[in-house]
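Accompanying notes for the structure given below.
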Amino acid sequence: MSKKIKQLKDFIDGDFQNKLEEIDNNFMDYNILEITGMGHQETKHSNILGWLFDNSEHELKYKILDEFLKKVLLKNKNNEKIEELKKYIEINKYDLEIYRERNNIDLRIVDRKNKVVITIENKVFASERTEGLDGGQLQKYEKIIDKKYNNYQKYFIFLTISLEKPSEGKENWMIANHQMVTDTIEEIIKNKENLSVKTKIIFESYVDLLKKKKIVKDAKLDRICNQLWKDYKNELNLIHELKKEFENISIDKKLLNSLTILMAYKPLMNIKDLDIKNELLKVLIRKINDRLTDNIGIVKPNDIQFYIKNNITKTTFVWIEDNKNNISMNFNQLKSSKLNKEEKENILNKYNHIGKFTNREFIVKINNESEINNNLLNLIEDEMTNSINKRKSKKFCVNSIE
């Protein structure tokens with residue numbers, strides 16, 4: 001064990017473990033949904049949503065669905081279907097059948113009595129498929145629903161973590177996020193509805209899991225982790241830097257889980273805080289910052305590597321070449337193994353052949369300032385917004401997820 005690693009272990013085993021316990025105390029001791037392996041798996045999340053929206057066991061009638069739809073109304077005031085949906089909610093006499101994964105559709109809610117069908121596409125750390133002969137998954141689902149429910153009122157909801165808008169031409173789809181579901185559940189618990197013990201456990205477990213996985217906001221956890229990073233910046237940065245070596249040492253499981261959550265809150269660095277000698281990297285970051293309205297998100301593993309980050313996942317990787325003058329980038333979405341020859345050619349044409357595909361990834365080498373042009377900035381923005389193959393207008397935004 002190296003001297004630095006021993007110092008870090010002593011740091012964690014000392015008074016700092018009491019700080020880590022603050023994180024652990026923010027969550028349930030035993031989360032029944034997490035035990036089942038539910039985390040980022042969309043299928044399991046959709047199963048829970050189907051149970052929540054239904055009236056089969058929790059005996060809240062359709063209160064959760066009703067409150068969720070009211071929140072959808074508020075987020076989609078300009079959608080042409082809003083007035084129709086508002087009238088339907090006001091009826092408040094649902095007679096629903098809820099189907100899971102029929103024709104690959106995550107949730108299909110059918111009210112035969114009132115001739116209404118609600119289709120929900122649920123995205124958890126995934127993006128919309130827009131390619132294919134079927135016109136992409138949302139268009140495919142619309143066609144299926146239109147054909148099967150010819151004389152029904154139809155509502156389509158695109159459920160994502162960050163209220164992501166569907167691709168161009170999908171105006172029928174309203175946007176929603178998982179925060180709406182969480183807010184509804186927490187309101188019900190707070191109002192002390194007549195819940196069974198089993199129902200309350202499932203409700204609290206689902207909210208706990210969404211917060212732990214950072215699918216929804218947890219203001220208390222944000223405050224705890226941000227304060228710890230402020231108070232112990234040097235020690236935590238060293239743990240991050242020595243992560244691979246650090247993973248091999250023995251730490252109490254609960255403390256390790258809390259430390260993992262804390263490390264995911266590593267603050268993104270603003271351009272003003274970056275000590276960068278490479279002039280091309282300075283220009284690149286400045287141009288991104290100028291073009292995209294929100295603050296740029298940067299993680300700096302070491303002096304020659306950087307991650308430019310969006311609001312969900314680690315994304316574009318930038319590194320300084322050995323000669324210290326040039327920089328290179330690779331793009332998280334453009335894994336060679338996931339793209340066929342035609343798709344690669346389309347990517348190259350779209351961004352004017354600014355880079356090249358290797359056996360594993362797509363790399364752009366930057367040798368001078370003129371190469372930091374609109375083609376490159378378009379590619380970076382599309383990477384940030386999960387839309388390399390579905391160009392759309394969207395703000396560049398970041399938070400602390402790593």
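In the structure tokens, the first chain shown is A, the next is B, and so on; residue numbers restart at 1 for each chain, and ligands run from 1 in the order shown.
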- Item | Non-local contacts of Lys61 in chain A (12 Å; only C-alpha atoms; under 4 positions in same chain excluded) as a ChimeraX atom specification | /A:51-57,65-67,92-96,193-195
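Across the model, the gap from CA of Glu21 in chain A to CA of Glu235 in chain A is 17.2 Å.
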- Filtered DSSP result for range 13-114 of chain A, state strand (DSSP E), as a PyMOL selection string: chain A and resi 96-102+105-111
Same residues, C-alpha atoms, output as a PDB file, in the first residue's frame:
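Contents of the output file selection-v9.pdb:
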ATOM      1  CA  LEU A  96     -58.348   1.741 -17.292  1.00  0.00           C
ATOM      2  CA  GLU A  97     -56.401  -1.200 -18.602  1.00  0.00           C
ATOM      3  CA  ILE A  98     -52.632  -0.793 -18.395  1.00  0.00           C
ATOM      4  CA  TYR A  99     -50.353  -2.771 -20.688  1.00  0.00           C
ATOM      5  CA  ARG A 100     -46.596  -3.180 -20.396  1.00  0.00           C
ATOM      6  CA  GLU A 101     -44.198  -3.790 -23.298  1.00  0.00           C
ATOM      7  CA  ARG A 102     -46.842  -4.569 -25.923  1.00  0.00           C
ATOM      8  CA  ILE A 105     -44.296   0.293 -26.021  1.00  0.00           C
ATOM      9  CA  ASP A 106     -43.294   0.914 -22.399  1.00  0.00           C
ATOM     10  CA  LEU A 107     -46.740   1.861 -21.094  1.00  0.00           C
ATOM     11  CA  ARG A 108     -50.097   1.852 -22.829  1.00  0.00           C
ATOM     12  CA  ILE A 109     -53.034   3.093 -20.745  1.00  0.00           C
ATOM     13  CA  VAL A 110     -56.393   2.337 -22.348  1.00  0.00           C
ATOM     14  CA  ASP A 111     -59.740   3.721 -21.203  1.00  0.00           C
TER      15      ASP A 111
END
- Message: I need the alpha helix (DSSP H) residues of range 37-271 of chain A per DSSP on the backbone, written as a PyMOL selection string.
- Response: chain A and resi 42-53+63-75+82-91+137-148+178-190+197-212+219-231+233-241+243-246+253-263
Put those residues in a file: C-alpha atoms, as an mmCIF file, in the first residue's frame.
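What landed in result39.cif:
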data_model
loop_
_atom_site.group_PDB
_atom_site.id
_atom_site.type_symbol
_atom_site.label_atom_id
_atom_site.label_comp_id
_atom_site.auth_asym_id
_atom_site.auth_seq_id
_atom_site.Cartn_x
_atom_site.Cartn_y
_atom_site.Cartn_z
ATOM 1 C CA GLU A 42 -36.103 0.965 -17.952
ATOM 2 C CA THR A 43 -38.194 -2.203 -17.981
ATOM 3 C CA LYS A 44 -38.306 -2.431 -14.195
ATOM 4 C CA HIS A 45 -38.971 1.301 -13.855
ATOM 5 C CA SER A 46 -41.850 0.987 -16.299
ATOM 6 C CA ASN A 47 -43.228 -1.971 -14.341
ATOM 7 C CA ILE A 48 -43.316 0.157 -11.200
ATOM 8 C CA LEU A 49 -44.931 3.041 -13.096
ATOM 9 C CA GLY A 50 -47.595 0.686 -14.400
ATOM 10 C CA TRP A 51 -48.305 -0.435 -10.828
ATOM 11 C CA LEU A 52 -48.408 3.160 -9.563
ATOM 12 C CA PHE A 53 -50.757 4.363 -12.291
ATOM 13 C CA LYS A 63 -54.933 9.285 -7.959
ATOM 14 C CA ILE A 64 -51.250 8.955 -8.928
ATOM 15 C CA LEU A 65 -52.016 8.925 -12.651
ATOM 16 C CA ASP A 66 -54.466 11.796 -12.220
ATOM 17 C CA GLU A 67 -51.930 13.989 -10.402
ATOM 18 C CA PHE A 68 -49.177 13.041 -12.850
ATOM 19 C CA LEU A 69 -51.346 14.057 -15.819
ATOM 20 C CA LYS A 70 -52.114 17.394 -14.152
ATOM 21 C CA LYS A 71 -48.376 18.038 -13.930
ATOM 22 C CA VAL A 72 -48.019 17.076 -17.607
ATOM 23 C CA LEU A 73 -50.626 19.740 -18.429
ATOM 24 C CA LEU A 74 -48.547 22.426 -16.724
ATOM 25 C CA LYS A 75 -45.388 21.487 -18.660
ATOM 26 C CA ILE A 82 -53.784 20.004 -23.898
ATOM 27 C CA GLU A 83 -57.385 21.226 -23.834
ATOM 28 C CA GLU A 84 -58.670 17.766 -24.750
ATOM 29 C CA LEU A 85 -56.527 16.156 -22.044
ATOM 30 C CA LYS A 86 -57.677 18.742 -19.510
ATOM 31 C CA LYS A 87 -61.332 17.899 -20.182
ATOM 32 C CA TYR A 88 -60.583 14.202 -19.854
ATOM 33 C CA ILE A 89 -58.896 14.712 -16.464
ATOM 34 C CA GLU A 90 -61.839 16.785 -15.254
ATOM 35 C CA ILE A 91 -64.188 13.845 -15.946
ATOM 36 C CA GLN A 137 -39.359 4.439 -32.301
ATOM 37 C CA LEU A 138 -41.774 7.290 -31.505
ATOM 38 C CA GLN A 139 -43.124 7.399 -35.039
ATOM 39 C CA LYS A 140 -43.441 3.618 -35.002
ATOM 40 C CA TYR A 141 -45.452 3.711 -31.766
ATOM 41 C CA GLU A 142 -47.747 6.434 -33.109
ATOM 42 C CA LYS A 143 -48.563 4.299 -36.149
ATOM 43 C CA ILE A 144 -49.287 1.252 -33.983
ATOM 44 C CA ILE A 145 -51.625 3.221 -31.707
ATOM 45 C CA ASP A 146 -53.337 5.038 -34.597
ATOM 46 C CA LYS A 147 -54.088 1.745 -36.292
ATOM 47 C CA LYS A 148 -55.296 -0.132 -33.214
ATOM 48 C CA HIS A 178 -39.666 11.335 -13.237
ATOM 49 C CA GLN A 179 -39.652 14.264 -10.819
ATOM 50 C CA MET A 180 -43.388 14.632 -11.521
ATOM 51 C CA VAL A 181 -43.963 11.063 -10.345
ATOM 52 C CA THR A 182 -41.798 11.550 -7.247
ATOM 53 C CA ASP A 183 -43.519 14.808 -6.324
ATOM 54 C CA THR A 184 -46.898 13.097 -6.610
ATOM 55 C CA ILE A 185 -45.856 10.190 -4.367
ATOM 56 C CA GLU A 186 -44.294 12.479 -1.759
ATOM 57 C CA GLU A 187 -47.430 14.644 -1.712
ATOM 58 C CA ILE A 188 -49.553 11.548 -1.036
ATOM 59 C CA ILE A 189 -47.250 10.375 1.778
ATOM 60 C CA LYS A 190 -47.137 13.875 3.282
ATOM 61 C CA VAL A 197 -47.741 -0.709 5.208
ATOM 62 C CA LYS A 198 -46.750 -2.563 2.022
ATOM 63 C CA THR A 199 -47.793 0.331 -0.208
ATOM 64 C CA LYS A 200 -45.895 2.893 1.859
ATOM 65 C CA ILE A 201 -42.739 0.743 1.765
ATOM 66 C CA ILE A 202 -42.921 0.511 -2.037
ATOM 67 C CA PHE A 203 -43.614 4.235 -2.396
ATOM 68 C CA GLU A 204 -40.717 5.201 -0.137
ATOM 69 C CA SER A 205 -38.407 2.648 -1.767
ATOM 70 C CA TYR A 206 -39.105 3.988 -5.247
ATOM 71 C CA VAL A 207 -38.513 7.613 -4.239
ATOM 72 C CA ASP A 208 -35.364 6.589 -2.334
ATOM 73 C CA LEU A 209 -34.034 4.699 -5.361
ATOM 74 C CA LEU A 210 -34.708 7.560 -7.789
ATOM 75 C CA LYS A 211 -32.857 9.963 -5.517
ATOM 76 C CA LYS A 212 -29.953 7.605 -4.901
ATOM 77 C CA ALA A 219 -31.940 18.809 -2.221
ATOM 78 C CA LYS A 220 -30.717 17.518 1.152
ATOM 79 C CA LEU A 221 -28.165 15.178 -0.423
ATOM 80 C CA ASP A 222 -26.999 17.973 -2.726
ATOM 81 C CA ARG A 223 -26.308 20.193 0.274
ATOM 82 C CA ILE A 224 -24.456 17.453 2.170
ATOM 83 C CA CYS A 225 -22.221 16.424 -0.748
ATOM 84 C CA ASN A 226 -21.468 19.911 -1.974
ATOM 85 C CA GLN A 227 -20.464 20.974 1.544
ATOM 86 C CA LEU A 228 -18.178 17.947 1.928
ATOM 87 C CA TRP A 229 -16.476 18.725 -1.378
ATOM 88 C CA LYS A 230 -16.015 22.295 -0.217
ATOM 89 C CA ASP A 231 -14.554 21.245 3.154
ATOM 90 C CA LYS A 233 -11.578 19.257 -1.604
ATOM 91 C CA ASN A 234 -7.906 18.194 -1.572
ATOM 92 C CA GLU A 235 -8.489 14.774 0.009
ATOM 93 C CA LEU A 236 -11.447 13.953 -2.252
ATOM 94 C CA ASN A 237 -9.607 15.063 -5.376
ATOM 95 C CA LEU A 238 -6.740 12.763 -4.398
ATOM 96 C CA ILE A 239 -9.168 9.841 -3.942
ATOM 97 C CA HIS A 240 -10.564 10.600 -7.397
ATOM 98 C CA GLU A 241 -7.085 10.749 -8.909
ATOM 99 C CA LYS A 243 -9.373 5.747 -7.838
ATOM 100 C CA LYS A 244 -8.124 2.487 -9.374
ATOM 101 C CA GLU A 245 -5.516 1.934 -6.696
ATOM 102 C CA PHE A 246 -7.950 3.013 -4.003
ATOM 103 C CA LYS A 253 -19.331 -1.491 2.795
ATOM 104 C CA LYS A 254 -21.670 1.246 4.016
ATOM 105 C CA LEU A 255 -18.866 3.802 4.044
ATOM 106 C CA LEU A 256 -17.795 2.706 0.564
ATOM 107 C CA ASN A 257 -21.349 3.113 -0.766
ATOM 108 C CA SER A 258 -21.563 6.606 0.734
ATOM 109 C CA LEU A 259 -18.124 7.492 -0.630
ATOM 110 C CA THR A 260 -19.189 6.314 -4.104
ATOM 111 C CA ILE A 261 -22.221 8.618 -3.959
ATOM 112 C CA LEU A 262 -20.055 11.488 -2.739
ATOM 113 C CA MET A 263 -17.480 10.980 -5.503
#
- Task: Work out how far apart CA of Asn375 in chain A and CA of Tyr351 in chain A are and give it in Å to one decimal.
- Result: 5.1 Å
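Using only C-alpha atoms, the smallest distance between any of A:Tyr155, A:Phe331, A:Trp319, A:Tyr62 and Ile118 in chain A comes from A:Tyr155.
Between Asn326 in chain A and the candidates A:Ile308, A:Ile372, A:Ile354, A:Ile366, the tightest atom-to-atom separation, counting only C-alpha atoms, involves A:Ile366.
For the pair CA of Arg129 in chain A and CA of Glu164 in chain A, the separation is 13.3 Å.
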- Message: Would you pick out the contacts of Lys287 in chain A at 10 Å or less, using only C-alpha atoms, so that residues sharing its chain but fewer than 4 positions from it are not included, and give the list as a PyMOL selection string?
- Response: chain A and resi 281-283+291-292+372-374+377
Could you please take those selected residues and save C-alpha atoms as a PDB file, in the first residue's frame?
ATOM      1  CA  LEU A 281      -7.867  23.738 -25.140  1.00  0.00           C
ATOM      2  CA  LYS A 282      -8.418  27.240 -23.788  1.00  0.00           C
ATOM      3  CA  VAL A 283      -9.938  28.304 -27.117  1.00  0.00           C
ATOM      4  CA  ARG A 291     -21.891  29.396 -27.974  1.00  0.00           C
ATOM      5  CA  LEU A 292     -23.909  27.400 -25.435  1.00  0.00           C
ATOM      6  CA  ILE A 372     -12.298  24.593 -33.719  1.00  0.00           C
ATOM      7  CA  ASN A 373     -15.083  25.486 -36.143  1.00  0.00           C
ATOM      8  CA  ASN A 374     -18.876  25.132 -36.391  1.00  0.00           C
ATOM      9  CA  LEU A 377     -19.053  22.712 -32.116  1.00  0.00           C
TER      10      LEU A 377
END
